[in-house]
$ cat upload-v7.txt   # compact mmCIF, C-alpha atoms
# COMPACT_ATOMS: atom_id res chain seq x y z
CA MET A 1 116.76 22.96 -21.01
CA SER A 2 115.79 26.58 -21.21
CA SER A 3 114.42 29.18 -18.85
CA THR A 4 110.89 28.26 -19.96
CA SER A 5 111.17 25.24 -17.67
CA ILE A 6 110.92 27.52 -14.61
CA PHE A 7 107.53 28.62 -15.93
CA GLN A 8 106.53 24.98 -16.32
CA ILE A 9 107.71 24.09 -12.82
CA ALA A 10 106.06 27.01 -11.04
CA GLY A 11 103.01 26.77 -13.32
CA SER A 12 102.46 23.13 -12.39
CA ALA A 13 102.65 24.15 -8.73
CA LEU A 14 100.01 26.84 -9.31
CA THR A 15 97.68 24.26 -10.86
CA ALA A 16 98.28 21.79 -8.04
CA GLN A 17 97.82 24.35 -5.27
CA SER A 18 94.64 25.75 -6.81
CA GLN A 19 93.25 22.22 -7.03
CA ARG A 20 94.09 21.80 -3.35
CA MET A 21 92.20 25.03 -2.62
CA ASN A 22 89.24 23.78 -4.67
CA VAL A 23 89.09 20.56 -2.69
CA SER A 24 89.39 22.47 0.59
CA ALA A 25 86.61 24.84 -0.46
CA SER A 26 84.41 21.87 -1.33
CA ASN A 27 85.12 20.32 2.08
CA ILE A 28 84.30 23.54 3.96
CA ALA A 29 81.17 24.18 1.87
CA ASN A 30 79.91 20.66 2.57
CA ALA A 31 80.85 20.51 6.24
CA ASN A 32 77.17 20.06 7.12
CA SER A 33 75.87 18.22 4.05
CA ALA A 34 74.18 15.30 5.79
CA VAL A 35 73.21 13.73 2.48
CA GLY A 36 75.00 13.64 -0.88
CA PRO A 37 73.92 12.51 -4.35
CA ASP A 38 74.43 8.85 -3.32
CA GLY A 39 72.28 9.24 -0.21
CA GLN A 40 75.33 9.06 2.06
CA PRO A 41 76.85 11.98 4.04
CA TYR A 42 79.60 13.93 2.25
CA LYS A 43 83.14 12.61 2.83
CA ALA A 44 86.13 14.96 3.23
CA ARG A 45 88.61 14.75 0.36
CA GLN A 46 92.34 15.43 0.16
CA VAL A 47 94.66 15.87 -2.82
CA VAL A 48 97.87 13.81 -3.16
CA PHE A 49 100.92 15.65 -4.52
CA GLN A 50 103.80 14.04 -6.37
CA MET A 51 106.99 15.45 -7.85
CA THR A 52 107.39 14.86 -11.60
CA PRO A 53 111.00 15.08 -12.84
CA GLN A 54 111.35 16.71 -16.23
CA GLY A 55 114.32 17.13 -18.55
CA PRO A 56 117.75 15.50 -18.26
CA SER A 57 118.24 16.30 -14.59
CA GLU A 58 116.09 14.44 -12.10
CA ALA A 59 116.55 17.26 -9.57
CA VAL A 60 114.39 19.54 -11.70
CA GLY A 61 110.66 19.01 -11.98
CA GLY A 62 107.20 20.28 -11.21
CA VAL A 63 104.45 18.93 -9.03
CA LYS A 64 101.25 17.20 -10.01
CA VAL A 65 98.14 15.96 -8.29
CA THR A 66 98.10 12.18 -8.61
CA GLY A 67 94.70 11.72 -7.06
CA VAL A 68 92.00 12.89 -4.73
CA VAL A 69 91.46 10.53 -1.83
CA GLU A 70 88.48 10.36 0.51
CA SER A 71 89.20 10.75 4.19
CA ALA A 72 88.70 7.60 6.27
CA ALA A 73 87.93 9.54 9.45
CA PRO A 74 84.73 8.47 11.24
CA PRO A 75 81.64 10.62 10.55
CA ARG A 76 80.39 13.12 13.07
CA LEU A 77 77.20 12.15 14.95
CA GLN A 78 74.85 14.87 16.14
CA TYR A 79 71.87 14.34 18.41
CA ASP A 80 68.87 15.81 16.60
CA PRO A 81 65.79 13.56 16.97
CA GLY A 82 63.55 16.01 15.10
CA ASN A 83 65.63 15.66 11.90
CA PRO A 84 64.09 13.35 9.28
CA LEU A 85 67.55 11.87 8.67
CA ALA A 86 68.00 10.86 12.31
CA ASN A 87 68.52 7.16 13.05
CA ALA A 88 66.58 5.11 15.62
CA ASP A 89 68.60 6.61 18.50
CA GLY A 90 67.98 10.17 17.27
CA TYR A 91 71.49 10.78 15.84
CA VAL A 92 72.15 12.40 12.46
CA THR A 93 75.32 11.31 10.61
CA LEU A 94 77.22 14.40 9.46
CA PRO A 95 80.34 14.63 7.21
CA ASN A 96 83.80 13.88 8.65
CA VAL A 97 85.07 17.36 7.67
CA ASP A 98 87.47 19.01 10.13
CA VAL A 99 86.66 22.65 9.44
CA VAL A 100 89.63 24.01 11.41
CA ALA A 101 92.09 21.75 9.58
CA GLU A 102 90.55 22.72 6.24
CA THR A 103 90.92 26.42 7.03
CA VAL A 104 94.60 25.88 7.86
CA ASN A 105 94.97 23.84 4.66
CA MET A 106 93.45 26.70 2.68
CA ILE A 107 95.86 29.26 4.17
CA SER A 108 98.83 26.97 3.51
CA ALA A 109 97.76 26.42 -0.10
CA SER A 110 97.31 30.14 -0.75
CA ARG A 111 100.75 30.93 0.72
CA SER A 112 102.38 28.29 -1.48
CA TYR A 113 100.48 29.68 -4.46
CA GLN A 114 101.82 33.17 -3.72
CA ALA A 115 105.39 31.86 -3.41
CA ASN A 116 105.14 30.29 -6.86
CA VAL A 117 103.65 33.44 -8.38
CA GLU A 118 106.70 35.24 -6.99
CA VAL A 119 108.98 32.67 -8.66
CA ILE A 120 107.24 33.21 -12.01
CA ASN A 121 107.54 37.00 -11.71
CA THR A 122 111.26 36.75 -10.93
CA ALA A 123 111.87 34.34 -13.81
CA LYS A 124 109.96 36.64 -16.15
CA ALA A 125 112.01 39.68 -15.11
CA LEU A 126 115.27 37.75 -15.54
CA MET A 127 114.23 36.50 -18.96
CA ALA A 128 113.32 40.02 -20.12
CA LYS A 129 116.66 41.28 -18.89
CA THR A 130 118.52 38.47 -20.65
CA LEU A 131 116.75 39.30 -23.91
CA THR A 132 117.98 42.89 -23.81
CA LEU A 133 121.60 41.78 -23.42
CA GLY A 134 124.04 43.90 -25.49
CA GLN A 135 121.52 46.56 -26.42
CA MET B 1 137.99 35.70 -35.46
CA ILE B 2 134.41 34.97 -34.41
CA ASP B 3 135.47 31.95 -32.39
CA ARG B 4 137.91 34.17 -30.49
CA ILE B 5 135.06 36.50 -29.61
CA GLY B 6 133.12 33.42 -28.58
CA LYS B 7 136.00 32.36 -26.33
CA GLU B 8 135.77 35.76 -24.61
CA PHE B 9 132.33 34.86 -23.35
CA GLU B 10 132.92 31.22 -22.48
CA PHE B 11 133.39 31.80 -18.78
CA GLN B 12 130.42 34.15 -18.45
CA GLN B 13 128.23 31.85 -20.48
CA THR B 14 129.08 28.83 -18.34
CA ALA B 15 128.46 30.81 -15.16
CA LEU B 16 125.14 32.10 -16.45
CA SER B 17 123.86 28.69 -17.51
CA LEU B 18 124.86 27.25 -14.13
CA ARG B 19 122.96 30.07 -12.41
CA GLN B 20 120.00 29.22 -14.63
CA HIS B 21 120.25 25.56 -13.64
CA ARG B 22 120.40 26.47 -9.96
CA GLN B 23 117.39 28.75 -10.41
CA GLU B 24 115.45 25.78 -11.82
CA ILE B 25 116.44 23.56 -8.89
CA LEU B 26 115.37 26.22 -6.38
CA ALA B 27 112.09 26.74 -8.27
CA THR B 28 111.55 22.98 -8.05
CA ASN B 29 112.11 23.12 -4.28
CA ILE B 30 109.57 25.93 -3.89
CA ALA B 31 107.06 24.17 -6.17
CA ASN B 32 107.36 20.97 -4.13
CA ALA B 33 107.13 22.61 -0.70
CA ASP B 34 103.99 20.55 0.07
CA THR B 35 104.91 17.28 -1.65
CA PRO B 36 105.27 14.41 0.85
CA ASN B 37 108.72 12.75 0.90
CA TYR B 38 110.24 15.33 -1.45
CA LYS B 39 113.86 16.09 -0.53
CA ALA B 40 115.11 19.62 -1.20
CA ARG B 41 118.18 19.81 -3.46
CA ASP B 42 120.81 22.34 -4.40
CA ILE B 43 124.20 22.53 -6.11
CA ASP B 44 127.54 23.75 -4.80
CA PHE B 45 127.92 26.61 -7.27
CA ALA B 46 131.67 27.20 -6.90
CA ALA B 47 132.53 23.51 -7.26
CA SER B 48 130.12 23.09 -10.18
CA LEU B 49 131.60 26.05 -12.04
CA ARG B 50 135.13 24.76 -11.49
CA GLY B 51 134.08 21.34 -12.78
CA ALA B 52 132.26 22.78 -15.78
CA LEU B 53 135.13 25.05 -16.83
CA ASP B 54 137.98 22.65 -16.48
CA GLU B 55 137.60 19.03 -17.52
CA ARG B 56 141.05 18.37 -16.07
CA MET B 57 139.77 19.26 -12.63
CA ARG B 58 137.43 16.31 -12.73
CA LEU B 59 138.58 13.18 -11.00
CA PRO B 60 139.33 10.23 -13.27
CA ASP B 61 136.90 7.35 -13.21
CA THR B 62 137.48 5.04 -10.30
CA ALA B 63 138.27 1.50 -11.40
CA LEU B 64 138.72 -1.73 -9.50
CA THR B 65 142.11 -3.44 -9.56
CA LEU B 66 141.82 -6.80 -11.30
CA THR B 67 144.21 -9.39 -9.84
CA SER B 68 142.48 -12.44 -11.23
CA ALA B 69 141.06 -13.31 -14.62
CA ARG B 70 137.73 -14.07 -12.98
CA HIS B 71 137.32 -10.64 -11.42
CA ILE B 72 134.53 -8.56 -12.91
CA PRO B 73 135.77 -5.16 -14.08
CA ALA B 74 133.84 -2.22 -12.67
CA GLN B 75 134.09 1.51 -13.01
CA ALA B 76 132.57 4.30 -10.97
CA HIS B 77 131.87 7.37 -13.02
CA SER B 78 133.04 10.50 -11.21
CA ALA B 79 130.53 13.25 -10.60
CA GLY B 80 129.55 15.50 -13.48
CA PRO B 81 129.99 19.28 -13.48
CA ALA B 82 126.78 20.00 -11.59
CA GLU B 83 126.26 17.54 -8.80
CA GLU B 84 122.85 17.92 -7.23
CA LEU B 85 123.16 17.45 -3.49
CA TYR B 86 120.49 17.10 -0.84
CA ARG B 87 119.91 19.86 1.67
CA VAL B 88 120.34 19.02 5.36
CA PRO B 89 117.01 19.95 6.98
CA SER B 90 117.09 22.13 10.08
CA GLN B 91 113.49 21.29 10.96
CA PRO B 92 112.42 17.95 9.46
CA SER B 93 108.69 17.58 8.96
CA ILE B 94 106.60 14.52 9.65
CA ASP B 95 105.66 13.90 6.00
CA GLY B 96 109.32 13.44 5.01
CA ASN B 97 109.52 16.75 3.14
CA THR B 98 112.76 18.68 3.74
CA VAL B 99 111.90 21.98 2.01
CA ASP B 100 112.48 24.94 4.32
CA MET B 101 110.63 27.78 2.62
CA ASP B 102 112.73 30.51 4.28
CA VAL B 103 116.00 28.98 3.09
CA GLU B 104 114.68 28.42 -0.41
CA ARG B 105 113.31 31.93 -0.77
CA VAL B 106 116.57 33.48 0.47
CA GLN B 107 118.65 31.32 -1.88
CA PHE B 108 116.29 32.11 -4.75
CA ALA B 109 116.63 35.86 -4.17
CA ASP B 110 120.41 35.50 -3.80
CA ASN B 111 120.66 33.50 -7.02
CA THR B 112 118.49 36.08 -8.82
CA ALA B 113 120.78 38.93 -7.73
CA ARG B 114 123.87 37.03 -8.85
CA TYR B 115 122.26 36.15 -12.17
CA GLN B 116 121.58 39.84 -12.71
CA ALA B 117 125.16 40.66 -11.75
CA ASP B 118 126.37 38.16 -14.37
CA LEU B 119 124.09 39.78 -16.94
CA THR B 120 125.51 43.20 -16.12
CA LEU B 121 129.07 41.92 -16.49
CA ILE B 122 128.30 40.31 -19.87
CA ASP B 123 126.60 43.50 -20.98
CA ARG B 124 129.67 45.57 -20.08
CA ARG B 125 131.91 43.07 -21.85
CA ILE B 126 129.83 43.34 -25.02
CA LYS B 127 129.91 47.13 -24.79
CA SER B 128 133.69 47.24 -24.42
CA LEU B 129 134.19 44.81 -27.34
CA GLN B 130 131.90 46.97 -29.46
CA ALA B 131 133.90 50.05 -28.48
CA ALA B 132 137.14 48.30 -29.45
CA MET B 133 135.68 47.32 -32.85
CA GLN B 134 134.63 50.89 -33.61
CA GLN B 135 138.12 52.29 -33.06
$ encode --input "upload-v7.txt" --output "structure tokens"
Amino acid sequence: MSSTSIFQIAGSALTAQSQRMNVSASNIANANSAVGPDGQPYKARQVVFQMTPQGPSEAVGGVKVTGVVESAAPPRLQYDPGNPLANADGYVTLPNVDVVAETVNMISASRSYQANVEVINTAKALMAKTLTLGQ
Amino acid sequence: MIDRIGKEFEFQQTALSLRQHRQEILATNIANADTPNYKARDIDFAASLRGALDERMRLPDTALTLTSARHIPAQAHSAGPAEELYRVPSQPSIDGNTVDMDVERVQFADNTARYQADLTLIDRRIKSLQAAMQQ
């Protein structure tokens, strides 16, 4: 166990949080995509985080994304009879993206990302100081 | 001769590596701030240092008294030098995560300052030994 493990821990969190931001960005960008490549409306996605213990101590470990799950929330229906995608009643099925929740998610992810960058900077400074010991 | 110089640094070295271990645990807490069901952990630094420095301070293994030949012998291993404990959450969250970012950041900064203080002490110790050798 060396001080490089802090870089691994915080680095894994950076990867995980940036993936969360990617997914959130995709959700926000496709909030109104009524049709996807499979002909169905876009479905909101969420990342699933899991702690991964590393080294001899199980209290120490990074975080990894174990999967990206599709939201099971019902799709949004909008009355727009002029739209070619409208059904017999004149409703268009839109994605189940909650734009407000995604914005909050994005802010939360960026704050966590910043906290981990701070951890890496501190660890780097400490390591540099340790290396100059006795000089 | 060299081993006596090594002995000089034993205490500082143990303290520094414990600080390093605590830094890793706190980095893990910060990295897993958004992981569902993750429980924040920490070590009692004073108790861990005492345990790591003095093997005699450790409690002997707990054993069951056997009063019959058919009893199954069992032993409970006493806690190692660094026992990772769980933090008591002040504001539990609904996803089962007990990381309080404020607490973790404060502890991380505190641990960093103390690590640097340890480094300074070791540095001074090296300097004074060097001065003694040059006499």
$ closest_residue --input "upload-v7.txt" --among "A:Gln50, A:Asn87, A:Thr130, A:Ser110" --to "Asn97 of chain B" --atoms "only C-alpha atoms"
A:Gln50
$ closest_atom_pairs --input "upload-v7.txt" --of "segment 19-94 of chain B" --to "segment 112-121 of chain B" --cutoff "12 Å" --atoms "all atoms listed in the file" --output "tab-separated table"
residue	atom	partner	partner_atom	distance
B:Arg19	CA	B:Tyr115	CA	6.1
B:Gln20	CA	B:Tyr115	CA	7.7
B:His21	CA	B:Tyr115	CA	10.9
B:Arg22	CA	B:Thr112	CA	9.9
B:Gln23	CA	B:Thr112	CA	7.6
B:Glu24	CA	B:Thr112	CA	11.2
B:Leu26	CA	B:Thr112	CA	10.6
B:Ala27	CA	B:Thr112	CA	11.3
B:Phe45	CA	B:Arg114	CA	11.3
$ closest_atom_pairs --input "upload-v7.txt" --of "chain A" --to "chain B" --cutoff "10 Å" --atoms "only C-alpha atoms" --output "JSON lines"
{"residue": "A:Met1", "atom": "CA", "partner": "B:His21", "partner_atom": "CA", "distance": 8.6}
{"residue": "A:Ser2", "atom": "CA", "partner": "B:Gln20", "partner_atom": "CA", "distance": 8.2}
{"residue": "A:Ser3", "atom": "CA", "partner": "B:Gln20", "partner_atom": "CA", "distance": 7.0}
{"residue": "A:Thr4", "atom": "CA", "partner": "B:Glu24", "partner_atom": "CA", "distance": 9.7}
{"residue": "A:Ser5", "atom": "CA", "partner": "B:Glu24", "partner_atom": "CA", "distance": 7.3}
{"residue": "A:Ile6", "atom": "CA", "partner": "B:Glu24", "partner_atom": "CA", "distance": 5.6}
{"residue": "A:Phe7", "atom": "CA", "partner": "B:Ala27", "partner_atom": "CA", "distance": 9.1}
{"residue": "A:Gln8", "atom": "CA", "partner": "B:Thr28", "partner_atom": "CA", "distance": 9.9}
{"residue": "A:Ile9", "atom": "CA", "partner": "B:Thr28", "partner_atom": "CA", "distance": 6.2}
{"residue": "A:Ala10", "atom": "CA", "partner": "B:Ala31", "partner_atom": "CA", "distance": 5.7}
{"residue": "A:Gly11", "atom": "CA", "partner": "B:Ala31", "partner_atom": "CA", "distance": 8.6}
{"residue": "A:Ser12", "atom": "CA", "partner": "B:Ala31", "partner_atom": "CA", "distance": 7.8}
{"residue": "A:Ala13", "atom": "CA", "partner": "B:Ala31", "partner_atom": "CA", "distance": 5.1}
{"residue": "A:Leu14", "atom": "CA", "partner": "B:Ala31", "partner_atom": "CA", "distance": 8.2}
{"residue": "A:Ala16", "atom": "CA", "partner": "B:Ala31", "partner_atom": "CA", "distance": 9.3}
{"residue": "A:Gln17", "atom": "CA", "partner": "B:Asp34", "partner_atom": "CA", "distance": 9.0}
{"residue": "A:Val48", "atom": "CA", "partner": "B:Thr35", "partner_atom": "CA", "distance": 8.0}
{"residue": "A:Phe49", "atom": "CA", "partner": "B:Thr35", "partner_atom": "CA", "distance": 5.2}
{"residue": "A:Gln50", "atom": "CA", "partner": "B:Thr35", "partner_atom": "CA", "distance": 5.8}
{"residue": "A:Met51", "atom": "CA", "partner": "B:Asn32", "partner_atom": "CA", "distance": 6.7}
{"residue": "A:Thr52", "atom": "CA", "partner": "B:Asn32", "partner_atom": "CA", "distance": 9.7}
{"residue": "A:Pro53", "atom": "CA", "partner": "B:Thr28", "partner_atom": "CA", "distance": 9.3}
{"residue": "A:Ser57", "atom": "CA", "partner": "B:Glu84", "partner_atom": "CA", "distance": 8.8}
{"residue": "A:Glu58", "atom": "CA", "partner": "B:Glu84", "partner_atom": "CA", "distance": 9.0}
{"residue": "A:Ala59", "atom": "CA", "partner": "B:Ile25", "partner_atom": "CA", "distance": 6.3}
{"residue": "A:Val60", "atom": "CA", "partner": "B:Ile25", "partner_atom": "CA", "distance": 5.3}
{"residue": "A:Gly61", "atom": "CA", "partner": "B:Thr28", "partner_atom": "CA", "distance": 5.7}
{"residue": "A:Gly62", "atom": "CA", "partner": "B:Thr28", "partner_atom": "CA", "distance": 6.0}
{"residue": "A:Val63", "atom": "CA", "partner": "B:Asn32", "partner_atom": "CA", "distance": 6.1}
{"residue": "A:Lys64", "atom": "CA", "partner": "B:Thr35", "partner_atom": "CA", "distance": 9.1}
{"residue": "A:Val65", "atom": "CA", "partner": "B:Thr35", "partner_atom": "CA", "distance": 9.6}
{"residue": "A:Ser108", "atom": "CA", "partner": "B:Asp34", "partner_atom": "CA", "distance": 8.9}
{"residue": "A:Ala109", "atom": "CA", "partner": "B:Asp34", "partner_atom": "CA", "distance": 8.6}
{"residue": "A:Ser112", "atom": "CA", "partner": "B:Ala33", "partner_atom": "CA", "distance": 7.4}
{"residue": "A:Tyr113", "atom": "CA", "partner": "B:Ala31", "partner_atom": "CA", "distance": 8.8}
{"residue": "A:Ala115", "atom": "CA", "partner": "B:Ile30", "partner_atom": "CA", "distance": 7.3}
{"residue": "A:Asn116", "atom": "CA", "partner": "B:Ala31", "partner_atom": "CA", "distance": 6.5}
{"residue": "A:Glu118", "atom": "CA", "partner": "B:Arg105", "partner_atom": "CA", "distance": 9.7}
{"residue": "A:Val119", "atom": "CA", "partner": "B:Ala27", "partner_atom": "CA", "distance": 6.7}
{"residue": "A:Ile120", "atom": "CA", "partner": "B:Ala27", "partner_atom": "CA", "distance": 8.9}
{"residue": "A:Thr122", "atom": "CA", "partner": "B:Thr112", "partner_atom": "CA", "distance": 7.6}
{"residue": "A:Ala123", "atom": "CA", "partner": "B:Thr112", "partner_atom": "CA", "distance": 8.5}
{"residue": "A:Ala125", "atom": "CA", "partner": "B:Thr112", "partner_atom": "CA", "distance": 9.7}
{"residue": "A:Leu126", "atom": "CA", "partner": "B:Gln116", "partner_atom": "CA", "distance": 7.2}
{"residue": "A:Lys129", "atom": "CA", "partner": "B:Leu119", "partner_atom": "CA", "distance": 7.8}
{"residue": "A:Thr130", "atom": "CA", "partner": "B:Leu119", "partner_atom": "CA", "distance": 6.8}
{"residue": "A:Thr132", "atom": "CA", "partner": "B:Asp123", "partner_atom": "CA", "distance": 9.1}
{"residue": "A:Leu133", "atom": "CA", "partner": "B:Asp123", "partner_atom": "CA", "distance": 5.8}
{"residue": "A:Gly134", "atom": "CA", "partner": "B:Asp123", "partner_atom": "CA", "distance": 5.2}
{"residue": "A:Gln135", "atom": "CA", "partner": "B:Asp123", "partner_atom": "CA", "distance": 8.0}
$ atom_distance --input "upload-v7.txt" --atom1 "atom CA of Ala86 of chain A" --atom2 "atom CA of Pro41 of chain A"
12.2 Å
$ atom_distance --input "upload-v7.txt" --atom1 "atom CA of Glu102 of chain A" --atom2 "atom CA of Asn83 of chain A"
26.5 Å
$ atom_distance --input "upload-v7.txt" --atom1 "atom CA of Asp80 of chain A" --atom2 "atom CA of Ala25 of chain A"
26.2 Å
$ closest_residue --input "upload-v7.txt" --among "A:Thr66, A:Gln46, A:Asn96, A:Gln19" --to "Ser33 of chain A" --atoms "only C-alpha atoms"
A:Asn96
$ closest_residue --input "upload-v7.txt" --among "B:Asp95, B:Gly6, B:Asp110, B:Gln13" --to "Leu49 of chain B" --atoms "all atoms listed in the file"
B:Gln13
$ residues_around --input "upload-v7.txt" --residues "Val92 of chain A" --least-positions-apart "3" --cutoff "12 Å" --atoms "all atoms listed in the file" --output "JSON, numbers by chain"
{"A": [32, 33, 34, 35, 40, 41, 75, 76, 77, 78, 79, 80, 81, 82, 83, 84, 85, 86, 87, 88, 89, 95]}
$ closest_residue --input "upload-v7.txt" --among "B:Ala15, B:Val99, B:Ala132, B:Val106" --to "Ala52 of chain B" --atoms "only C-alpha atoms"
B:Ala15
